[in-house]
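Structure file coords_33.tsv (TSV, C-alpha atoms) is printed below.
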chain	number	residue	atom	x	y	z
S	30	MET	CA	-2.20	-4.22	9.00
S	31	LYS	CA	1.34	-4.48	7.64
S	32	VAL	CA	3.29	-1.21	7.78
S	33	SER	CA	6.75	-0.41	6.46
S	34	ILE	CA	8.92	2.35	7.84
S	35	VAL	CA	11.65	3.71	5.57
S	36	GLY	CA	14.32	5.21	7.80
S	37	SER	CA	15.06	3.86	11.26
S	38	GLY	CA	16.28	6.96	13.02
S	39	TYR	CA	14.46	8.64	15.87
S	40	VAL	CA	11.20	9.40	14.02
S	41	GLY	CA	11.14	6.09	12.16
S	42	ILE	CA	11.80	3.76	15.09
S	43	ILE	CA	9.31	5.53	17.36
S	44	THR	CA	6.62	5.59	14.65
S	45	GLY	CA	7.13	1.93	13.76
S	46	LEU	CA	7.12	0.71	17.33
S	47	GLY	CA	3.98	2.73	17.94
S	48	PHE	CA	2.32	0.77	15.14
S	49	ALA	CA	3.66	-2.50	16.58
S	50	GLU	CA	2.33	-1.59	20.02
S	51	PHE	CA	-1.16	-1.37	18.48
S	52	GLY	CA	-0.84	-4.85	16.99
S	53	ASN	CA	0.43	-4.08	13.50
S	54	GLU	CA	3.19	-5.98	11.72
S	55	VAL	CA	6.08	-3.60	10.99
S	56	VAL	CA	9.01	-3.79	8.58
S	57	PHE	CA	11.80	-1.25	9.09
S	58	VAL	CA	13.79	-0.54	5.92
S	59	ASP	CA	17.12	1.24	6.19
S	60	LEU	CA	20.39	1.51	4.25
S	61	ASP	CA	22.41	1.45	7.46
S	62	GLU	CA	23.21	-2.22	8.11
S	63	ARG	CA	24.25	-1.44	11.70
S	64	LYS	CA	20.81	0.00	12.49
S	65	VAL	CA	19.13	-2.99	10.85
S	66	GLU	CA	21.25	-5.43	12.86
S	67	LYS	CA	20.53	-3.57	16.10
S	68	ILE	CA	16.77	-3.54	15.48
S	69	ASN	CA	16.78	-7.25	14.66
S	70	ARG	CA	18.65	-7.88	17.94
S	71	TYR	CA	15.99	-5.76	19.70
S	72	GLU	CA	18.53	-3.07	20.56
S	73	PRO	CA	17.47	0.57	20.13
S	74	PRO	CA	19.30	2.34	17.28
S	75	VAL	CA	18.74	5.68	19.08
S	76	TYR	CA	18.24	6.70	22.69
S	77	GLU	CA	14.74	7.31	23.97
S	78	LYS	CA	13.59	6.55	27.48
S	79	GLY	CA	11.55	3.33	27.51
S	80	LEU	CA	12.47	2.37	23.94
S	81	LYS	CA	14.31	-0.83	24.86
S	82	GLU	CA	11.32	-2.04	26.89
S	83	LEU	CA	8.97	-1.15	24.03
S	84	MET	CA	11.13	-3.14	21.62
S	85	LYS	CA	11.17	-6.17	23.93
S	86	ARG	CA	7.43	-5.98	24.56
S	87	ASN	CA	6.76	-6.03	20.82
S	88	PHE	CA	9.21	-8.83	20.04
S	89	GLY	CA	8.04	-10.69	16.94
S	90	LYS	CA	5.85	-7.88	15.63
S	91	TYR	CA	8.64	-6.16	13.72
S	92	THR	CA	11.73	-6.87	11.67
S	93	ALA	CA	14.33	-4.77	9.89
S	94	THR	CA	15.95	-5.12	6.47
S	95	THR	CA	18.07	-3.28	3.90
S	96	ASP	CA	15.86	-4.71	1.12
S	97	TYR	CA	13.64	-1.91	-0.18
S	98	ASP	CA	11.44	-4.40	-2.04
S	99	LYS	CA	10.11	-5.52	1.35
S	100	MET	CA	8.42	-2.16	1.89
S	101	VAL	CA	5.79	-2.82	-0.76
S	102	GLU	CA	4.97	-6.22	0.74
S	103	THR	CA	3.01	-4.10	3.21
S	104	ASP	CA	-0.16	-2.03	2.92
S	105	LEU	CA	1.35	1.29	3.90
S	106	THR	CA	4.80	2.91	3.87
S	107	PHE	CA	5.88	5.76	6.13
S	108	MET	CA	8.91	7.67	4.83
S	109	CYS	CA	10.88	8.80	7.89
S	110	VAL	CA	14.25	9.59	6.36
S	111	GLY	CA	16.61	12.33	7.47
S	112	THR	CA	16.50	15.80	5.98
S	113	PRO	CA	19.76	17.47	7.00
S	114	SER	CA	20.51	21.10	6.32
S	115	LYS	CA	22.82	22.15	3.54
S	116	GLU	CA	25.58	24.70	4.16
S	117	ASP	CA	23.25	27.49	2.98
S	118	GLY	CA	20.58	26.41	5.49
S	119	SER	CA	18.20	24.89	2.95
S	120	THR	CA	16.93	21.32	3.32
S	121	ASP	CA	18.91	18.55	1.67
S	122	LEU	CA	16.35	16.22	0.11
S	123	LYS	CA	18.81	13.55	-1.09
S	124	TYR	CA	17.41	10.90	1.28
S	125	VAL	CA	13.81	11.80	0.41
S	126	GLU	CA	14.65	11.56	-3.28
S	127	PHE	CA	16.50	8.24	-2.83
S	128	ALA	CA	13.63	6.71	-0.84
S	129	SER	CA	11.11	7.99	-3.42
S	130	LYS	CA	13.08	6.31	-6.21
S	131	GLU	CA	13.20	3.05	-4.27
S	132	ILE	CA	9.45	3.23	-3.63
S	133	GLU	CA	8.87	3.95	-7.33
S	134	ARG	CA	11.03	1.01	-8.35
S	135	ALA	CA	9.33	-1.36	-5.92
S	136	LEU	CA	5.81	-0.19	-6.82
S	137	THR	CA	6.46	-0.95	-10.49
S	138	ASN	CA	5.99	-4.65	-9.71
S	139	LYS	CA	3.08	-4.31	-7.28
S	140	ASP	CA	-0.47	-4.66	-8.52
S	141	ASP	CA	-2.24	-3.94	-5.23
S	142	PHE	CA	-2.93	-0.43	-3.99
S	143	HIS	CA	-0.21	0.92	-1.72
S	144	ALA	CA	-0.21	4.10	0.34
S	145	VAL	CA	2.87	6.24	0.99
S	146	VAL	CA	2.98	8.75	3.85
S	147	ILE	CA	5.76	11.31	4.10
S	148	LYS	CA	6.72	11.85	7.74
S	149	SER	CA	10.14	13.37	7.08
S	150	THR	CA	10.59	17.03	7.95
S	151	VAL	CA	10.14	18.82	4.63
S	152	VAL	CA	8.88	22.19	3.46
S	153	PRO	CA	5.35	22.57	2.10
S	154	GLY	CA	5.05	21.36	-1.48
S	155	THR	CA	7.74	18.65	-1.23
S	156	THR	CA	5.26	15.78	-1.34
S	157	GLU	CA	3.49	17.17	-4.41
S	158	ASN	CA	6.49	18.62	-6.25
S	159	VAL	CA	9.30	16.19	-5.41
S	160	VAL	CA	8.00	12.85	-4.11
S	161	LYS	CA	4.94	12.44	-6.35
S	162	PRO	CA	6.74	13.02	-9.69
S	163	ILE	CA	9.57	10.66	-8.73
S	164	ILE	CA	7.21	7.83	-7.78
S	165	GLU	CA	5.03	8.34	-10.86
S	166	LYS	CA	7.90	8.70	-13.35
S	167	GLU	CA	9.00	5.12	-14.01
S	168	SER	CA	6.35	3.15	-12.15
S	169	GLY	CA	3.64	4.10	-14.63
S	170	LYS	CA	1.32	4.57	-11.67
S	171	LYS	CA	-0.66	7.68	-10.81
S	172	ALA	CA	-1.00	9.11	-7.33
S	173	PHE	CA	-4.49	8.82	-5.84
S	174	ASN	CA	-5.50	6.23	-8.48
S	175	ASP	CA	-2.84	3.54	-8.26
S	176	PHE	CA	-1.21	4.51	-4.99
S	177	GLY	CA	-2.04	6.77	-2.09
S	178	LEU	CA	0.14	9.71	-1.11
S	179	ALA	CA	-0.11	11.79	2.06
S	180	MET	CA	1.89	13.98	4.40
S	181	ASN	CA	2.03	13.44	8.17
S	182	LEU	CA	3.49	16.41	9.98
S	183	SER	CA	5.95	15.83	12.80
S	184	PHE	CA	6.36	18.36	15.54

Using structure tokens, write down the structure that the file contains.
Amino acid sequence: MKVSIVGSGYVGIITGLGFAEFGNEVVFVDLDERKVEKINRYEPPVYEKGLKELMKRNFGKYTATTDYDKMVETDLTFMCVGTPSKEDGSTDLKYVEFASKEIERALTNKDDFHAVVIKSTVVPGTTENVVKPIIEKESGKKAFNDFGLAMNLSF
């Protein structure tokens, strides 16, 4: 299976390399060119014990890019973007919203079914009330008919 991971921070890189370890082809998509360059040089963008060895062991099974169109050249996209806190303590969804808009834009030109899984740390209802409407808005596609949409909790 081909899997794309949007966001190459701690959750994204670990998730993607887990998929690679099980034989899947993985595309990491990130705005941060430094992270993309590091991943493509097989250098961990974050520290985690054993990560460098995992990256080397899975050499050739993954690549990284800043091109969001590449995410829909896969079967499945995991959104693993950051969700920092605002000054008032609430969750800042700007990265979730940006990634959702990029997914929506890219899906507009894809005829095949594509599944999107939210793995970012968000409050209940975010997938249904924020992500789904953004993806559906301009793409003309409907969740659960034209594309899959799910939430994968991280602990």

(request) Might you pull out every residue within 9 Å of Asp59 (chain S), with only C-alpha atoms counted and same-chain residues fewer than 6 positions away left off, and present them as a PyMOL selection string? (result) chain S and resi 34-38+65+93-97+110

Would you export the selected residues with C-alpha atoms as a CSV table (one decimal), keeping the file's coordinate frame, please?
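Output contents, as saved in out_30.csv:
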chain,number,residue,atom,x,y,z
S,34,ILE,CA,8.9,2.4,7.8
S,35,VAL,CA,11.6,3.7,5.6
S,36,GLY,CA,14.3,5.2,7.8
S,37,SER,CA,15.1,3.9,11.3
S,38,GLY,CA,16.3,7.0,13.0
S,65,VAL,CA,19.1,-3.0,10.8
S,93,ALA,CA,14.3,-4.8,9.9
S,94,THR,CA,16.0,-5.1,6.5
S,95,THR,CA,18.1,-3.3,3.9
S,96,ASP,CA,15.9,-4.7,1.1
S,97,TYR,CA,13.6,-1.9,-0.2
S,110,VAL,CA,14.2,9.6,6.4

(request) One decimal, Å: what's the distance from CA of Phe51 (chain S) over to CA of Ser149 (chain S), could you say? (result) 21.8 Å

(message) Just want the 12 Å neighbourhood of region 79-81 of chain S, counted on all atoms listed in the file, with same-chain residues fewer than 5 positions away dropped. Output as a ChimeraX atom specification.
(response) /S:39,42-47,50,67-68,70-74,86-88

Save out the residues we just selected, C-alpha atoms, as an mmCIF file, in the frame of the given file.
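Everything below was put into result_37.cif:
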data_model
loop_
_atom_site.group_PDB
_atom_site.id
_atom_site.type_symbol
_atom_site.label_atom_id
_atom_site.label_comp_id
_atom_site.auth_asym_id
_atom_site.auth_seq_id
_atom_site.Cartn_x
_atom_site.Cartn_y
_atom_site.Cartn_z
ATOM 1 C CA TYR S 39 14.460 8.640 15.870
ATOM 2 C CA ILE S 42 11.800 3.760 15.090
ATOM 3 C CA ILE S 43 9.310 5.530 17.360
ATOM 4 C CA THR S 44 6.620 5.590 14.650
ATOM 5 C CA GLY S 45 7.130 1.930 13.760
ATOM 6 C CA LEU S 46 7.120 0.710 17.330
ATOM 7 C CA GLY S 47 3.980 2.730 17.940
ATOM 8 C CA GLU S 50 2.330 -1.590 20.020
ATOM 9 C CA LYS S 67 20.530 -3.570 16.100
ATOM 10 C CA ILE S 68 16.770 -3.540 15.480
ATOM 11 C CA ARG S 70 18.650 -7.880 17.940
ATOM 12 C CA TYR S 71 15.990 -5.760 19.700
ATOM 13 C CA GLU S 72 18.530 -3.070 20.560
ATOM 14 C CA PRO S 73 17.470 0.570 20.130
ATOM 15 C CA PRO S 74 19.300 2.340 17.280
ATOM 16 C CA ARG S 86 7.430 -5.980 24.560
ATOM 17 C CA ASN S 87 6.760 -6.030 20.820
ATOM 18 C CA PHE S 88 9.210 -8.830 20.040
#

(request) Could you please determine the separation between CA of Val160 (chain S) and CA of Gly111 (chain S) in Å, to one decimal place? (result)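 It comes out at 14.4 Å.
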
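Those residues that approach Thr155 (chain S) to within 10 Å, counting all atoms listed in the file, are S:Leu122, S:Val125, S:Ile147, S:Thr150, S:Val151, S:Val159, S:Val160, S:Lys161, S:Met180; same-chain residues fewer than 4 positions away are not listed.
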
(message) Between S:Phe48, S:Val40, S:Glu157, S:Phe57, which residue has the minimum interatomic distance to Glu77 (chain S), considering only C-alpha atoms?
(response)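 Of the candidates, the smallest distance to Glu77 (chain S) is held by S:Val40.
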
(request) Go through S:Asp98, S:Glu82, S:Asp175, S:Asp104 and flag the residue nearest Val146 (chain S), using all atoms listed in the file for the distances. (result)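 Answer, going by the shortest atom-to-atom distance: S:Asp104.
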
For a cutoff of 9 Å around the file-coordinate point (7.9, -5.6, 2.0), which residues qualify once you count only C-alpha atoms? I'd like the result as a CSV table (one decimal) with C-alpha atoms, in the frame of the given file.
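Everything below was put into part.csv:
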chain,number,residue,atom,x,y,z
S,31,LYS,CA,1.3,-4.5,7.6
S,32,VAL,CA,3.3,-1.2,7.8
S,33,SER,CA,6.8,-0.4,6.5
S,56,VAL,CA,9.0,-3.8,8.6
S,58,VAL,CA,13.8,-0.5,5.9
S,96,ASP,CA,15.9,-4.7,1.1
S,97,TYR,CA,13.6,-1.9,-0.2
S,98,ASP,CA,11.4,-4.4,-2.0
S,99,LYS,CA,10.1,-5.5,1.4
S,100,MET,CA,8.4,-2.2,1.9
S,101,VAL,CA,5.8,-2.8,-0.8
S,102,GLU,CA,5.0,-6.2,0.7
S,103,THR,CA,3.0,-4.1,3.2
S,104,ASP,CA,-0.2,-2.0,2.9

Assuming the input is short of atoms at region 37-55 of chain S, produce N, CA and C atoms for that part as a PDB file, keeping the file's coordinate frame.
ATOM      1  N   SER S  37      15.169   4.394   9.895  1.00  0.00           N
ATOM      2  CA  SER S  37      15.060   3.860  11.260  1.00  0.00           C
ATOM      3  C   SER S  37      15.751   4.734  12.290  1.00  0.00           C
ATOM      4  N   GLY S  38      15.762   6.029  12.031  1.00  0.00           N
ATOM      5  CA  GLY S  38      16.280   6.960  13.020  1.00  0.00           C
ATOM      6  C   GLY S  38      15.236   7.211  14.085  1.00  0.00           C
ATOM      7  N   TYR S  39      15.353   8.331  14.760  1.00  0.00           N
ATOM      8  CA  TYR S  39      14.460   8.640  15.870  1.00  0.00           C
ATOM      9  C   TYR S  39      12.984   8.597  15.463  1.00  0.00           C
ATOM     10  N   VAL S  40      12.610   9.341  14.427  1.00  0.00           N
ATOM     11  CA  VAL S  40      11.200   9.400  14.020  1.00  0.00           C
ATOM     12  C   VAL S  40      10.720   8.034  13.531  1.00  0.00           C
ATOM     13  N   GLY S  41      11.541   7.364  12.722  1.00  0.00           N
ATOM     14  CA  GLY S  41      11.140   6.090  12.160  1.00  0.00           C
ATOM     15  C   GLY S  41      10.941   4.995  13.197  1.00  0.00           C
ATOM     16  N   ILE S  42      11.898   4.841  14.106  1.00  0.00           N
ATOM     17  CA  ILE S  42      11.800   3.760  15.090  1.00  0.00           C
ATOM     18  C   ILE S  42      10.634   3.988  16.048  1.00  0.00           C
ATOM     19  N   ILE S  43      10.429   5.228  16.450  1.00  0.00           N
ATOM     20  CA  ILE S  43       9.310   5.530  17.360  1.00  0.00           C
ATOM     21  C   ILE S  43       7.975   5.320  16.649  1.00  0.00           C
ATOM     22  N   THR S  44       7.864   5.774  15.418  1.00  0.00           N
ATOM     23  CA  THR S  44       6.620   5.590  14.650  1.00  0.00           C
ATOM     24  C   THR S  44       6.327   4.106  14.464  1.00  0.00           C
ATOM     25  N   GLY S  45       7.328   3.356  14.013  1.00  0.00           N
ATOM     26  CA  GLY S  45       7.130   1.930  13.760  1.00  0.00           C
ATOM     27  C   GLY S  45       6.765   1.147  14.999  1.00  0.00           C
ATOM     28  N   LEU S  46       7.438   1.429  16.105  1.00  0.00           N
ATOM     29  CA  LEU S  46       7.120   0.710  17.330  1.00  0.00           C
ATOM     30  C   LEU S  46       5.753   1.113  17.879  1.00  0.00           C
ATOM     31  N   GLY S  47       5.336   2.327  17.590  1.00  0.00           N
ATOM     32  CA  GLY S  47       3.980   2.730  17.940  1.00  0.00           C
ATOM     33  C   GLY S  47       2.955   1.877  17.201  1.00  0.00           C
ATOM     34  N   PHE S  48       3.205   1.646  15.912  1.00  0.00           N
ATOM     35  CA  PHE S  48       2.320   0.770  15.140  1.00  0.00           C
ATOM     36  C   PHE S  48       2.353  -0.656  15.678  1.00  0.00           C
ATOM     37  N   ALA S  49       3.535  -1.151  16.027  1.00  0.00           N
ATOM     38  CA  ALA S  49       3.660  -2.500  16.580  1.00  0.00           C
ATOM     39  C   ALA S  49       2.898  -2.616  17.900  1.00  0.00           C
ATOM     40  N   GLU S  50       3.007  -1.599  18.721  1.00  0.00           N
ATOM     41  CA  GLU S  50       2.330  -1.590  20.020  1.00  0.00           C
ATOM     42  C   GLU S  50       0.816  -1.738  19.854  1.00  0.00           C
ATOM     43  N   PHE S  51       0.277  -1.251  18.749  1.00  0.00           N
ATOM     44  CA  PHE S  51      -1.160  -1.370  18.480  1.00  0.00           C
ATOM     45  C   PHE S  51      -1.498  -2.616  17.669  1.00  0.00           C
ATOM     46  N   GLY S  52      -0.550  -3.564  17.591  1.00  0.00           N
ATOM     47  CA  GLY S  52      -0.840  -4.850  16.990  1.00  0.00           C
ATOM     48  C   GLY S  52      -0.538  -4.998  15.519  1.00  0.00           C
ATOM     49  N   ASN S  53       0.094  -4.008  14.918  1.00  0.00           N
ATOM     50  CA  ASN S  53       0.430  -4.080  13.500  1.00  0.00           C
ATOM     51  C   ASN S  53       1.765  -4.782  13.284  1.00  0.00           C
ATOM     52  N   GLU S  54       1.922  -5.382  12.121  1.00  0.00           N
ATOM     53  CA  GLU S  54       3.190  -5.980  11.720  1.00  0.00           C
ATOM     54  C   GLU S  54       4.010  -4.890  11.049  1.00  0.00           C
ATOM     55  N   VAL S  55       5.262  -4.715  11.468  1.00  0.00           N
ATOM     56  CA  VAL S  55       6.080  -3.600  10.990  1.00  0.00           C
ATOM     57  C   VAL S  55       7.383  -4.113  10.378  1.00  0.00           C
TER      58      VAL S  55
END
